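Next comes model27.txt, a file with compact mmCIF, C-alpha atoms and all ligand atoms.
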```
# COMPACT_ATOMS: atom_id res chain seq x y z
CA MET M 1 135.97 100.92 187.15
CA ARG M 2 134.86 103.32 189.91
CA ALA M 3 131.63 102.92 191.91
CA ALA M 4 130.34 105.11 194.77
CA ARG M 5 129.30 102.56 197.38
CA LEU M 6 127.79 102.25 200.83
CA HIS M 7 129.19 99.55 203.11
CA ARG M 8 127.06 100.83 206.03
CA PHE M 9 124.38 103.44 206.61
CA GLY M 10 125.03 106.91 208.05
CA GLY M 11 126.08 110.45 207.10
CA PRO M 12 127.52 111.53 203.73
CA ASP M 13 131.02 110.34 204.67
CA VAL M 14 129.97 106.65 204.65
CA LEU M 15 130.07 106.90 200.84
CA GLN M 16 133.34 105.72 199.33
CA ILE M 17 134.75 105.27 195.85
CA ASP M 18 135.66 101.61 195.25
CA GLU M 19 137.35 99.88 192.32
CA VAL M 20 134.97 97.15 191.15
CA ALA M 21 134.75 94.77 188.20
CA TRP M 22 133.03 95.91 185.00
CA PRO M 23 129.49 94.61 184.62
CA ARG M 24 128.80 92.55 181.47
CA PRO M 25 125.49 92.91 179.62
CA LYS M 26 123.43 89.71 179.49
CA GLY M 27 120.22 88.90 177.59
CA ASP M 28 118.34 92.14 176.91
CA GLU M 29 120.70 94.37 178.92
CA VAL M 30 122.73 97.26 177.55
CA LEU M 31 126.05 98.40 179.02
CA ILE M 32 126.01 102.18 179.53
CA HIS M 33 129.19 104.24 179.86
CA VAL M 34 127.80 106.61 182.50
CA THR M 35 128.25 110.33 181.96
CA ALA M 36 126.30 111.25 185.09
CA SER M 37 123.68 110.15 187.61
CA SER M 38 121.51 112.28 189.87
CA ILE M 39 120.83 112.36 193.60
CA ASN M 40 117.22 111.71 194.57
CA GLY M 41 115.45 111.81 197.92
CA THR M 42 115.53 108.00 197.72
CA ASP M 43 119.39 107.97 197.72
CA LEU M 44 119.45 110.16 200.83
CA ASN M 45 116.88 107.99 202.66
CA LEU M 46 118.75 104.83 201.71
CA ARG M 47 122.15 106.21 202.79
CA ARG M 48 120.73 107.25 206.18
CA GLY M 49 119.32 103.72 206.70
CA GLY M 50 115.74 104.96 206.31
CA LEU M 51 114.60 102.17 203.98
CA GLY M 52 114.52 99.59 206.76
CA PRO M 53 116.38 96.35 207.49
CA VAL M 54 115.74 94.85 204.03
CA ALA M 55 118.16 97.42 202.55
CA ALA M 56 120.95 96.08 204.79
CA GLY M 57 120.87 92.88 202.73
CA LEU M 58 121.82 94.92 199.64
CA LEU M 59 125.17 96.16 201.06
CA PRO M 60 127.65 96.96 199.61
CA PHE M 61 125.35 99.19 197.56
CA THR M 62 126.25 101.44 194.62
CA VAL M 63 124.07 104.56 194.91
CA GLY M 64 122.32 106.35 192.03
CA PHE M 65 118.90 105.34 190.70
CA ASP M 66 119.12 107.08 187.34
CA VAL M 67 121.75 107.75 184.69
CA ALA M 68 122.49 109.35 181.37
CA GLY M 69 125.32 108.12 179.17
CA VAL M 70 126.29 106.27 176.00
CA VAL M 71 125.60 102.62 175.13
CA VAL M 72 128.91 100.78 174.65
CA ASP M 73 127.81 97.13 174.47
CA CYS M 74 124.60 95.13 174.15
CA GLY M 75 123.44 91.69 175.30
CA PRO M 76 122.44 89.18 172.57
CA ARG M 77 118.69 89.95 172.87
CA VAL M 78 118.91 93.76 172.65
CA THR M 79 116.93 95.09 169.70
CA ALA M 80 116.24 98.75 170.55
CA PHE M 81 119.75 100.19 171.03
CA ARG M 82 123.25 99.91 169.68
CA PRO M 83 126.69 101.16 170.72
CA GLY M 84 126.98 104.92 170.39
CA ASP M 85 123.36 105.71 171.34
CA ARG M 86 122.90 108.58 173.82
CA VAL M 87 120.48 107.31 176.45
CA MET M 88 118.99 107.91 179.86
CA SER M 89 117.53 105.34 182.21
CA LEU M 90 115.63 104.77 185.42
CA LEU M 91 117.55 101.93 187.07
CA GLY M 92 115.86 99.37 189.32
CA HIS M 93 115.87 99.24 193.13
CA ARG M 94 119.46 97.95 193.05
CA GLY M 95 120.72 101.39 191.96
CA GLY M 96 124.22 101.39 190.48
CA GLY M 97 124.19 104.75 188.67
CA ALA M 98 127.02 106.51 190.52
CA ALA M 99 129.72 104.54 188.71
CA ASP M 100 131.62 104.50 185.42
CA TYR M 101 129.48 101.76 183.84
CA VAL M 102 126.11 100.17 184.56
CA THR M 103 124.03 97.45 182.92
CA VAL M 104 120.27 97.84 182.59
CA ARG M 105 117.48 96.06 180.70
CA GLN M 106 116.63 97.81 177.44
CA GLY M 107 113.00 98.34 178.53
CA ARG M 108 114.21 100.77 181.20
CA VAL M 109 116.20 102.85 178.70
CA GLY M 110 115.11 105.80 176.57
CA SER M 111 116.85 108.09 174.11
CA ALA M 112 118.30 111.15 175.81
CA PRO M 113 117.03 114.55 174.62
CA HIS M 114 119.31 115.88 171.87
CA SER M 115 118.91 119.51 172.94
CA ILE M 116 120.69 119.13 176.31
CA ASP M 117 123.97 117.57 177.42
CA LEU M 118 124.10 114.21 179.18
CA GLU M 119 124.95 115.70 182.58
CA MET M 120 121.70 117.66 182.46
CA ALA M 121 119.82 114.62 181.09
CA ALA M 122 120.86 112.66 184.19
CA SER M 123 118.57 114.89 186.27
CA VAL M 124 115.47 113.72 184.40
CA PRO M 125 114.53 110.01 184.80
CA LEU M 126 113.43 109.40 188.41
CA SER M 127 112.16 112.89 189.29
CA GLY M 128 110.61 113.53 185.87
CA LEU M 129 108.86 110.14 185.69
CA THR M 130 107.59 110.40 189.27
CA ALA M 131 106.14 113.87 188.66
CA LEU M 132 104.59 112.88 185.32
CA GLN M 133 103.07 109.64 186.61
CA ALA M 134 101.76 111.30 189.77
CA LEU M 135 99.94 114.00 187.79
CA ARG M 136 98.79 112.05 184.73
CA HIS M 137 98.13 108.58 186.10
CA ALA M 138 97.37 109.07 189.80
CA GLY M 139 95.85 112.57 189.36
CA ARG M 140 94.31 111.98 185.91
CA LEU M 141 95.43 115.45 184.85
CA GLN M 142 94.70 116.04 181.17
CA PRO M 143 94.98 119.04 178.88
CA GLY M 144 91.62 120.75 178.42
CA ARG M 145 90.20 119.73 181.79
CA PRO M 146 90.39 122.71 184.20
CA CYS M 147 92.28 121.72 187.29
CA ARG M 148 93.79 123.42 190.32
CA VAL M 149 97.01 121.76 191.47
CA LEU M 150 98.99 122.34 194.66
CA VAL M 151 102.59 121.09 194.52
CA TYR M 152 103.67 120.87 198.17
CA GLY M 153 107.50 120.86 198.48
CA ALA M 154 107.90 122.19 194.93
CA ALA M 155 111.59 123.21 195.02
CA GLY M 156 112.90 119.62 195.21
CA GLY M 157 113.56 117.25 192.32
CA ILE M 158 110.04 115.87 191.88
CA GLY M 159 108.41 119.20 192.75
CA ALA M 160 110.37 121.25 190.21
CA PHE M 161 109.35 118.85 187.41
CA ALA M 162 105.75 118.69 188.71
CA VAL M 163 105.24 122.47 188.64
CA GLN M 164 106.33 122.62 185.00
CA LEU M 165 104.41 119.51 183.91
CA ALA M 166 101.18 120.57 185.65
CA ARG M 167 101.39 123.90 183.86
CA ILE M 168 102.12 122.22 180.50
CA LEU M 169 99.04 120.02 181.09
CA GLY M 170 96.93 123.15 181.49
CA ALA M 171 96.48 123.31 185.27
CA HIS M 172 96.45 126.35 187.52
CA VAL M 173 99.50 125.68 189.71
CA THR M 174 100.16 126.76 193.28
CA ALA M 175 103.64 125.80 194.50
CA THR M 176 105.09 125.83 198.02
CA ALA M 177 108.62 125.90 199.43
CA ARG M 178 110.58 127.69 202.12
CA PRO M 179 110.53 131.51 201.62
CA SER M 180 114.05 131.76 200.10
CA LYS M 181 112.94 129.57 197.15
CA LEU M 182 109.72 131.30 196.09
CA THR M 183 111.39 133.17 193.20
CA PHE M 184 112.66 129.81 191.88
CA LEU M 185 109.06 128.51 191.92
CA ARG M 186 107.81 131.54 189.97
CA ASP M 187 110.60 131.01 187.42
CA LEU M 188 109.40 127.40 186.99
CA GLY M 189 106.00 128.80 185.95
CA ALA M 190 103.88 128.55 189.11
CA HIS M 191 100.84 130.84 189.00
CA ALA M 192 100.88 131.29 192.78
CA VAL M 193 103.56 130.57 195.39
CA MET M 194 103.40 130.13 199.15
CA ASP M 195 105.66 129.40 202.08
CA SER M 196 104.97 125.71 202.89
CA ALA M 197 104.55 126.70 206.54
CA ASP M 198 101.73 129.12 205.64
CA VAL M 199 99.45 126.61 203.90
CA THR M 200 96.28 126.03 205.90
CA TRP M 201 94.09 123.01 205.27
CA ASP M 202 90.87 124.40 206.76
CA GLY M 203 89.23 125.37 203.46
CA ALA M 204 90.42 129.01 203.53
CA HIS M 205 91.99 128.61 200.04
CA GLU M 206 90.01 127.90 196.87
CA PRO M 207 89.87 124.06 196.84
CA TRP M 208 92.51 122.07 195.00
CA ASP M 209 91.71 119.18 192.66
CA ILE M 210 95.17 117.67 193.11
CA ILE M 211 97.52 118.08 196.06
CA LEU M 212 100.91 116.51 195.29
CA ASP M 213 102.78 115.90 198.54
CA THR M 214 106.43 115.44 197.56
CA PRO M 215 108.32 115.33 200.95
CA PRO M 216 105.90 113.36 201.83
CA THR M 217 104.51 114.73 205.10
CA LEU M 218 100.73 115.21 204.68
CA SER M 219 97.84 112.92 205.65
CA PHE M 220 94.50 112.62 203.92
CA GLN M 221 92.67 113.55 207.13
CA GLN M 222 94.71 116.76 207.41
CA VAL M 223 94.16 118.02 203.83
CA GLN M 224 90.62 116.73 203.18
CA PRO M 225 88.93 120.14 203.84
CA ALA M 226 91.21 121.77 201.24
CA LEU M 227 90.30 119.29 198.45
CA SER M 228 87.50 119.82 195.92
CA ALA M 229 84.63 117.30 195.79
CA HIS M 230 86.61 115.05 193.41
CA GLY M 231 90.00 116.14 194.68
CA VAL M 232 92.87 113.75 195.35
CA LEU M 233 95.92 113.82 197.62
CA ILE M 234 98.86 112.15 195.87
CA SER M 235 101.73 111.04 198.08
CA THR M 236 105.22 109.98 197.03
CA ARG M 237 105.11 107.53 199.95
CA GLY M 238 105.06 104.06 198.37
CA VAL M 239 102.41 102.79 200.81
CA PRO M 240 99.86 104.73 202.91
CA GLY M 241 101.32 105.83 206.24
CA ARG M 242 98.06 106.00 208.20
CA ALA M 243 94.85 103.94 208.49
CA ARG M 244 92.65 106.80 207.23
CA ASP M 245 94.92 107.19 204.17
CA ALA M 246 94.62 103.47 203.47
CA ALA M 247 90.81 103.68 203.68
CA ALA M 248 90.76 106.65 201.28
CA LEU M 249 93.08 104.74 198.93
CA LEU M 250 90.85 101.67 198.94
CA ASN M 251 87.66 103.62 198.19
CA ARG M 252 87.45 102.55 194.55
CA ARG M 253 84.29 104.51 193.76
CA ARG M 254 85.69 107.87 194.85
CA PRO M 255 89.44 107.60 195.38
CA HIS M 256 90.69 110.69 197.22
CA PHE M 257 94.14 109.43 198.04
CA ALA M 258 96.78 107.90 195.79
CA THR M 259 100.37 106.80 196.20
CA VAL M 260 103.00 106.82 193.48
CA ARG M 261 105.23 103.88 192.69
CA THR M 262 107.42 105.18 189.91
CA ALA M 263 107.39 102.84 186.95
CA GLU M 264 109.76 102.75 183.99
CA ARG M 265 107.51 103.40 181.06
CA GLY M 266 109.36 104.00 177.82
CA ILE M 267 106.40 105.99 176.58
CA ASP M 268 106.66 108.35 179.58
CA LEU M 269 110.45 108.81 179.18
CA GLY M 270 109.79 109.53 175.50
CA LEU M 271 107.21 112.20 176.39
CA LEU M 272 109.67 113.91 178.76
CA THR M 273 112.32 113.85 176.01
CA ARG M 274 109.90 115.40 173.49
CA LEU M 275 108.86 118.16 175.92
CA ILE M 276 112.52 118.98 176.63
CA ASP M 277 113.47 119.02 172.94
CA ALA M 278 110.44 121.24 172.23
CA GLY M 279 111.77 123.75 174.77
CA GLU M 280 108.69 123.37 177.01
CA LEU M 281 110.26 121.44 179.90
CA HIS M 282 113.54 122.59 181.47
CA PRO M 283 115.44 120.14 183.69
CA PRO M 284 115.90 122.03 186.98
CA LEU M 285 119.65 121.53 187.39
CA ASP M 286 121.12 123.12 190.53
CA ARG M 287 124.72 121.87 190.71
CA ILE M 288 127.07 119.23 189.29
CA PHE M 289 129.66 117.42 191.43
CA ALA M 290 132.40 115.04 190.24
CA LEU M 291 131.91 111.34 191.13
CA GLU M 292 134.97 111.53 193.39
CA ASP M 293 133.13 114.21 195.41
CA ILE M 294 130.07 112.02 196.07
CA SER M 295 130.14 112.69 199.84
CA ARG M 296 130.18 116.44 199.29
CA ALA M 297 127.41 116.06 196.72
CA HIS M 298 125.18 114.22 199.23
CA GLN M 299 126.00 116.79 201.91
CA TYR M 300 124.95 119.57 199.55
CA ALA M 301 121.84 117.70 198.36
CA GLU M 302 120.49 117.38 201.89
CA GLY M 303 121.17 121.02 202.74
CA ASP M 304 118.64 123.85 202.75
CA ASP M 305 119.77 125.68 199.59
CA VAL M 306 119.06 123.16 196.81
CA ARG M 307 116.73 124.23 194.03
CA GLY M 308 115.86 121.26 191.82
CA LYS M 309 118.45 118.60 191.07
CA VAL M 310 122.01 117.74 192.11
CA VAL M 311 123.95 115.71 189.52
CA VAL M 312 127.03 113.50 190.03
CA SER M 313 129.25 113.41 186.96
CA ALA M 314 131.61 110.55 186.12
CA ALA M 315 132.98 112.62 183.24
CA ARG M 316 134.72 115.35 185.31
N1 LIG Z 1 107.11 106.18 195.66
C1 LIG Z 1 108.04 106.29 194.73
O1 LIG Z 1 108.10 105.51 193.77
C2 LIG Z 1 109.05 107.41 194.83
C3 LIG Z 1 109.83 107.74 193.72
C4 LIG Z 1 110.73 108.79 193.83
C5 LIG Z 1 110.85 109.47 195.04
N2 LIG Z 1 110.10 109.11 196.11
C6 LIG Z 1 110.21 109.85 197.39
O2 LIG Z 1 109.83 111.19 197.16
C7 LIG Z 1 110.42 112.03 198.13
C8 LIG Z 1 110.87 113.33 197.49
O3 LIG Z 1 111.89 113.06 196.55
P1 LIG Z 1 112.71 114.26 195.86
O4 LIG Z 1 113.78 113.60 195.07
O5 LIG Z 1 111.81 115.23 195.21
O6 LIG Z 1 113.35 114.95 197.17
P2 LIG Z 1 114.06 116.37 197.31
O7 LIG Z 1 114.66 116.81 196.03
O8 LIG Z 1 114.94 116.24 198.51
O9 LIG Z 1 112.84 117.37 197.61
C9 LIG Z 1 112.07 117.28 198.77
C10 LIG Z 1 111.42 118.67 199.01
O10 LIG Z 1 110.55 118.49 200.12
C11 LIG Z 1 110.55 119.66 200.90
N3 LIG Z 1 110.38 119.28 202.30
C12 LIG Z 1 111.14 118.41 203.02
N4 LIG Z 1 110.63 118.29 204.27
C13 LIG Z 1 109.55 119.10 204.33
C14 LIG Z 1 108.59 119.40 205.35
N5 LIG Z 1 108.66 118.83 206.56
N6 LIG Z 1 107.61 120.29 205.06
C15 LIG Z 1 107.51 120.86 203.82
N7 LIG Z 1 108.40 120.61 202.83
C16 LIG Z 1 109.40 119.74 203.07
C17 LIG Z 1 111.85 120.38 200.68
O11 LIG Z 1 111.43 121.72 200.49
P3 LIG Z 1 112.27 123.05 200.91
O12 LIG Z 1 113.46 123.02 200.05
O13 LIG Z 1 111.34 124.17 200.62
O14 LIG Z 1 112.60 122.89 202.35
C18 LIG Z 1 112.43 119.74 199.40
O15 LIG Z 1 112.54 120.70 198.36
C19 LIG Z 1 111.52 111.20 198.80
O16 LIG Z 1 111.07 110.83 200.09
C20 LIG Z 1 111.63 109.97 197.93
O17 LIG Z 1 112.01 108.82 198.65
C21 LIG Z 1 109.20 108.11 196.02
```

Let me see whether you can do it: turn the structure in this file into structure tokens.
Ligand SMILES: NC(=O)c1ccc[n+]([C@@H]2O[C@H](COP(=O)([O-])OP(=O)(O)OC[C@H]3O[C@@H](n4cnc5c(N)ncnc54)[C@H](OP(=O)(O)O)[C@@H]3O)[C@@H](O)[C@H]2O)c1
Amino acid sequence: MRAARLHRFGGPDVLQIDEVAWPRPKGDEVLIHVTASSINGTDLNLRRGGLGPVAAGLLPFTVGFDVAGVVVDCGPRVTAFRPGDRVMSLLGHRGGGAADYVTVRQGRVGSAPHSIDLEMAASVPLSGLTALQALRHAGRLQPGRPCRVLVYGAAGGIGAFAVQLARILGAHVTATARPSKLTFLRDLGAHAVMDSADVTWDGAHEPWDIILDTPPTLSFQQVQPALSAHGVLISTRGVPGRARDAAALLNRRRPHFATVRTAERGIDLGLLTRLIDAGELHPPLDRIFALEDISRAHQYAEGDDVRGKVVVSAAR
């Protein structure tokens, strides 16, 4: 079977298509015939060597941290799925999605929405779960509780899901991106849009209760004046980047800073599926590339024109 692998870190052309052995499902793993996977910021960081020396120990590495496809075989302890099921999954830190087949534990798998095709479903797991968990768990955003949310870097994968989910959860949403993408943000449902470069943190704007920093580039010290009294800065950085951020994170009585570590939660994948099938949440699909074109897909994904998600299809 084919797998898009890294043997070293670098530009998009370090990606190559290799012939590798089929994985076999063990224990509670399912074998998924992959229709498509998506490119996330994490793939780009990893490919460039940005995840540090530990990642070097994982080479050769098959990229792709999420997939949609069809279950074709099950390990002996699988109870939740059977061959023929249409599914999507957030894979673990070992990736493996940009390939023809992948094995994954059943707890990381959810039913794919029936109202969209599997190529579009592949854009959902990592970005959708990160946005949902940032807003609901780290930000404690709930329907019925008035909340002003700023999604900083809203035209990317996480941002495009976050704008829609914050609005669904009843928030007033301000979204930022470069000027050429502001129409895209309005189409996602943002109440107000701004050029990211024009946001000031000196308290000139009405305060935000949640600032979601997707790139992530902001520090707690920088944005503190723009937060409401109970406001929180949520960063997609796995660990705080600065001492002041760490102190704000550790303040258990009044946490004003939170990081996201995206977790597979079947219940969260199920909620995303229900919102999509209800026509409330629209996966922000920008472009689909064939698996064989993985280098071109990465090149496009790290360019300036992407709006939402880039998908890599093994079915084309
Ligand atoms: N902690 C976790 O568990 C976890 C999970 C998933 C992802 N992540 C991390 O989250 C980050 C975002 O992921 P993603 O998939 O959403 O990436 P993405 O699709 O590439 O989107 C990133 C967005 O950030 C904006 N941006 C980049 N640099 C910027 C800057 N200097 N100033 C303002 N905006 C900037 C870009 O906006 P424009 O298009 O307007 O330029 C882009 O739309 C990645 O670093 C990834 O590693 C963390």

Residues within 9 Å of ligand LIG 1 (chain Z), counting all atoms listed in the file: report them as a PyMOL selection string.
-> chain M and resi 39-46+51+126-127+129-131+152-161+176-182+195-197+213-218+235-239+259-263+301-310

Using all atoms listed in the file, which residues of range 26-65 of chain M come within 8 Å of range 5-20 of chain M, and what is the closest atom pair for each, with the distance in Å to one decimal? Give it as a tab-separated table, sorted by chain and residue number.
```
residue	atom	partner	partner_atom	distance
M:Leu46	CA	M:Phe9	CA	7.6
M:Arg47	CA	M:Phe9	CA	5.2
M:Arg48	CA	M:Gly10	CA	4.7
M:Gly49	CA	M:Phe9	CA	5.1
M:Ala56	CA	M:Arg8	CA	7.8
M:Leu59	CA	M:His7	CA	5.6
M:Pro60	CA	M:His7	CA	4.6
M:Phe61	CA	M:Leu6	CA	5.1
M:Thr62	CA	M:Arg5	CA	4.3
M:Val63	CA	M:Arg5	CA	6.1
```

Write a file of the just-selected residues containing C-alpha atoms, as a compact mmCIF listing (two decimals), in the coordinates of the input.
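Heads up, here's the output in result.txt:
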```txt
# COMPACT_ATOMS: atom_id res chain seq x y z
CA LEU M 46 118.75 104.83 201.71
CA ARG M 47 122.15 106.21 202.79
CA ARG M 48 120.73 107.25 206.18
CA GLY M 49 119.32 103.72 206.70
CA ALA M 56 120.95 96.08 204.79
CA LEU M 59 125.17 96.16 201.06
CA PRO M 60 127.65 96.96 199.61
CA PHE M 61 125.35 99.19 197.56
CA THR M 62 126.25 101.44 194.62
CA VAL M 63 124.07 104.56 194.91
```

Neighbouring residues of range 86-93 of chain M were defined as those with any atom within 10 Å, considering all atoms listed in the file; residues of the same chain fewer than 5 positions away were excluded. Please report them as a PDB file with C-alpha atoms, in the frame of the given file.
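Just written: result.pdb:
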```pdb
ATOM      1  CA  ILE M  32     126.010 102.180 179.530  1.00  0.00           C
ATOM      2  CA  HIS M  33     129.190 104.240 179.860  1.00  0.00           C
ATOM      3  CA  VAL M  34     127.800 106.610 182.500  1.00  0.00           C
ATOM      4  CA  THR M  35     128.250 110.330 181.960  1.00  0.00           C
ATOM      5  CA  ALA M  36     126.300 111.250 185.090  1.00  0.00           C
ATOM      6  CA  SER M  37     123.680 110.150 187.610  1.00  0.00           C
ATOM      7  CA  THR M  42     115.530 108.000 197.720  1.00  0.00           C
ATOM      8  CA  ALA M  55     118.160  97.420 202.550  1.00  0.00           C
ATOM      9  CA  LEU M  58     121.820  94.920 199.640  1.00  0.00           C
ATOM     10  CA  VAL M  63     124.070 104.560 194.910  1.00  0.00           C
ATOM     11  CA  GLY M  64     122.320 106.350 192.030  1.00  0.00           C
ATOM     12  CA  PHE M  65     118.900 105.340 190.700  1.00  0.00           C
ATOM     13  CA  ASP M  66     119.120 107.080 187.340  1.00  0.00           C
ATOM     14  CA  VAL M  67     121.750 107.750 184.690  1.00  0.00           C
ATOM     15  CA  ALA M  68     122.490 109.350 181.370  1.00  0.00           C
ATOM     16  CA  GLY M  69     125.320 108.120 179.170  1.00  0.00           C
ATOM     17  CA  VAL M  70     126.290 106.270 176.000  1.00  0.00           C
ATOM     18  CA  VAL M  71     125.600 102.620 175.130  1.00  0.00           C
ATOM     19  CA  VAL M  72     128.910 100.780 174.650  1.00  0.00           C
ATOM     20  CA  PHE M  81     119.750 100.190 171.030  1.00  0.00           C
ATOM     21  CA  VAL M 102     126.110 100.170 184.560  1.00  0.00           C
ATOM     22  CA  THR M 103     124.030  97.450 182.920  1.00  0.00           C
ATOM     23  CA  VAL M 104     120.270  97.840 182.590  1.00  0.00           C
ATOM     24  CA  ARG M 105     117.480  96.060 180.700  1.00  0.00           C
ATOM     25  CA  GLN M 106     116.630  97.810 177.440  1.00  0.00           C
ATOM     26  CA  GLY M 107     113.000  98.340 178.530  1.00  0.00           C
ATOM     27  CA  ARG M 108     114.210 100.770 181.200  1.00  0.00           C
ATOM     28  CA  VAL M 109     116.200 102.850 178.700  1.00  0.00           C
ATOM     29  CA  GLY M 110     115.110 105.800 176.570  1.00  0.00           C
ATOM     30  CA  SER M 111     116.850 108.090 174.110  1.00  0.00           C
ATOM     31  CA  ALA M 112     118.300 111.150 175.810  1.00  0.00           C
ATOM     32  CA  PRO M 113     117.030 114.550 174.620  1.00  0.00           C
ATOM     33  CA  HIS M 114     119.310 115.880 171.870  1.00  0.00           C
ATOM     34  CA  ASP M 117     123.970 117.570 177.420  1.00  0.00           C
ATOM     35  CA  LEU M 118     124.100 114.210 179.180  1.00  0.00           C
ATOM     36  CA  ALA M 121     119.820 114.620 181.090  1.00  0.00           C
ATOM     37  CA  ALA M 122     120.860 112.660 184.190  1.00  0.00           C
ATOM     38  CA  SER M 123     118.570 114.890 186.270  1.00  0.00           C
ATOM     39  CA  VAL M 124     115.470 113.720 184.400  1.00  0.00           C
ATOM     40  CA  PRO M 125     114.530 110.010 184.800  1.00  0.00           C
ATOM     41  CA  LEU M 126     113.430 109.400 188.410  1.00  0.00           C
ATOM     42  CA  SER M 127     112.160 112.890 189.290  1.00  0.00           C
ATOM     43  CA  LEU M 129     108.860 110.140 185.690  1.00  0.00           C
ATOM     44  CA  THR M 262     107.420 105.180 189.910  1.00  0.00           C
ATOM     45  CA  ALA M 263     107.390 102.840 186.950  1.00  0.00           C
ATOM     46  CA  GLU M 264     109.760 102.750 183.990  1.00  0.00           C
ATOM     47  CA  ARG M 265     107.510 103.400 181.060  1.00  0.00           C
ATOM     48  CA  GLY M 266     109.360 104.000 177.820  1.00  0.00           C
ATOM     49  CA  LEU M 269     110.450 108.810 179.180  1.00  0.00           C
ATOM     50  CA  THR M 273     112.320 113.850 176.010  1.00  0.00           C
TER      51      THR M 273
END
```

Distance query 9 Å from (99.2, 122.0, 194.2) using only C-alpha atoms, result as number ranges by chain = M: 148-152, 154, 163, 166, 172-176, 208-213

Provide the CA of Phe289 in chain M to CA of Met120 in chain M distance in Å, to one decimal place.
->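 Computing it gives 12.0 Å between the two atoms.
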
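Minimum atom-to-atom distances from M:Asp286, M:Glu292, M:Asp28, M:Asp277 to Val78 in chain M were compared using all atoms listed in the file, and the lowest value belongs to M:Asp28.
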
Contacts of His282 in chain M within 9 Å, only C-alpha atoms, excl. fewer than 6 positions in-chain, as a ChimeraX atom specification | /M:161,164,188,275-276

Complete the atom set of range 213-224 of chain M to N, CA and C atoms and return it as a tab-separated table (two decimals), in the frame of the given file.
```tsv
chain	number	residue	atom	x	y	z
M	213	ASP	N	101.96	115.79	197.33
M	213	ASP	CA	102.78	115.90	198.54
M	213	ASP	C	104.13	115.25	198.26
M	214	THR	N	105.15	116.06	197.93
M	214	THR	CA	106.43	115.44	197.56
M	214	THR	C	107.29	115.01	198.74
M	215	PRO	N	107.29	115.69	199.94
M	215	PRO	CA	108.32	115.33	200.95
M	215	PRO	C	108.33	113.86	201.42
M	216	PRO	N	107.32	113.09	201.67
M	216	PRO	CA	105.90	113.36	201.83
M	216	PRO	C	105.57	113.48	203.32
M	217	THR	N	104.77	114.49	203.67
M	217	THR	CA	104.51	114.73	205.10
M	217	THR	C	103.02	114.87	205.43
M	218	LEU	N	102.14	114.90	204.43
M	218	LEU	CA	100.73	115.21	204.68
M	218	LEU	C	99.91	113.93	204.83
M	219	SER	N	98.79	114.04	205.57
M	219	SER	CA	97.84	112.92	205.65
M	219	SER	C	96.54	113.33	205.00
M	220	PHE	N	95.78	112.34	204.55
M	220	PHE	CA	94.50	112.62	203.92
M	220	PHE	C	93.57	113.36	204.88
M	221	GLN	N	93.54	112.92	206.12
M	221	GLN	CA	92.67	113.55	207.13
M	221	GLN	C	92.99	115.04	207.25
M	222	GLN	N	94.26	115.37	207.25
M	222	GLN	CA	94.71	116.76	207.41
M	222	GLN	C	94.26	117.64	206.24
M	223	VAL	N	94.39	117.15	205.00
M	223	VAL	CA	94.16	118.02	203.83
M	223	VAL	C	92.74	117.92	203.28
M	224	GLN	N	91.95	116.97	203.75
M	224	GLN	CA	90.62	116.73	203.18
M	224	GLN	C	89.80	118.02	203.02
```
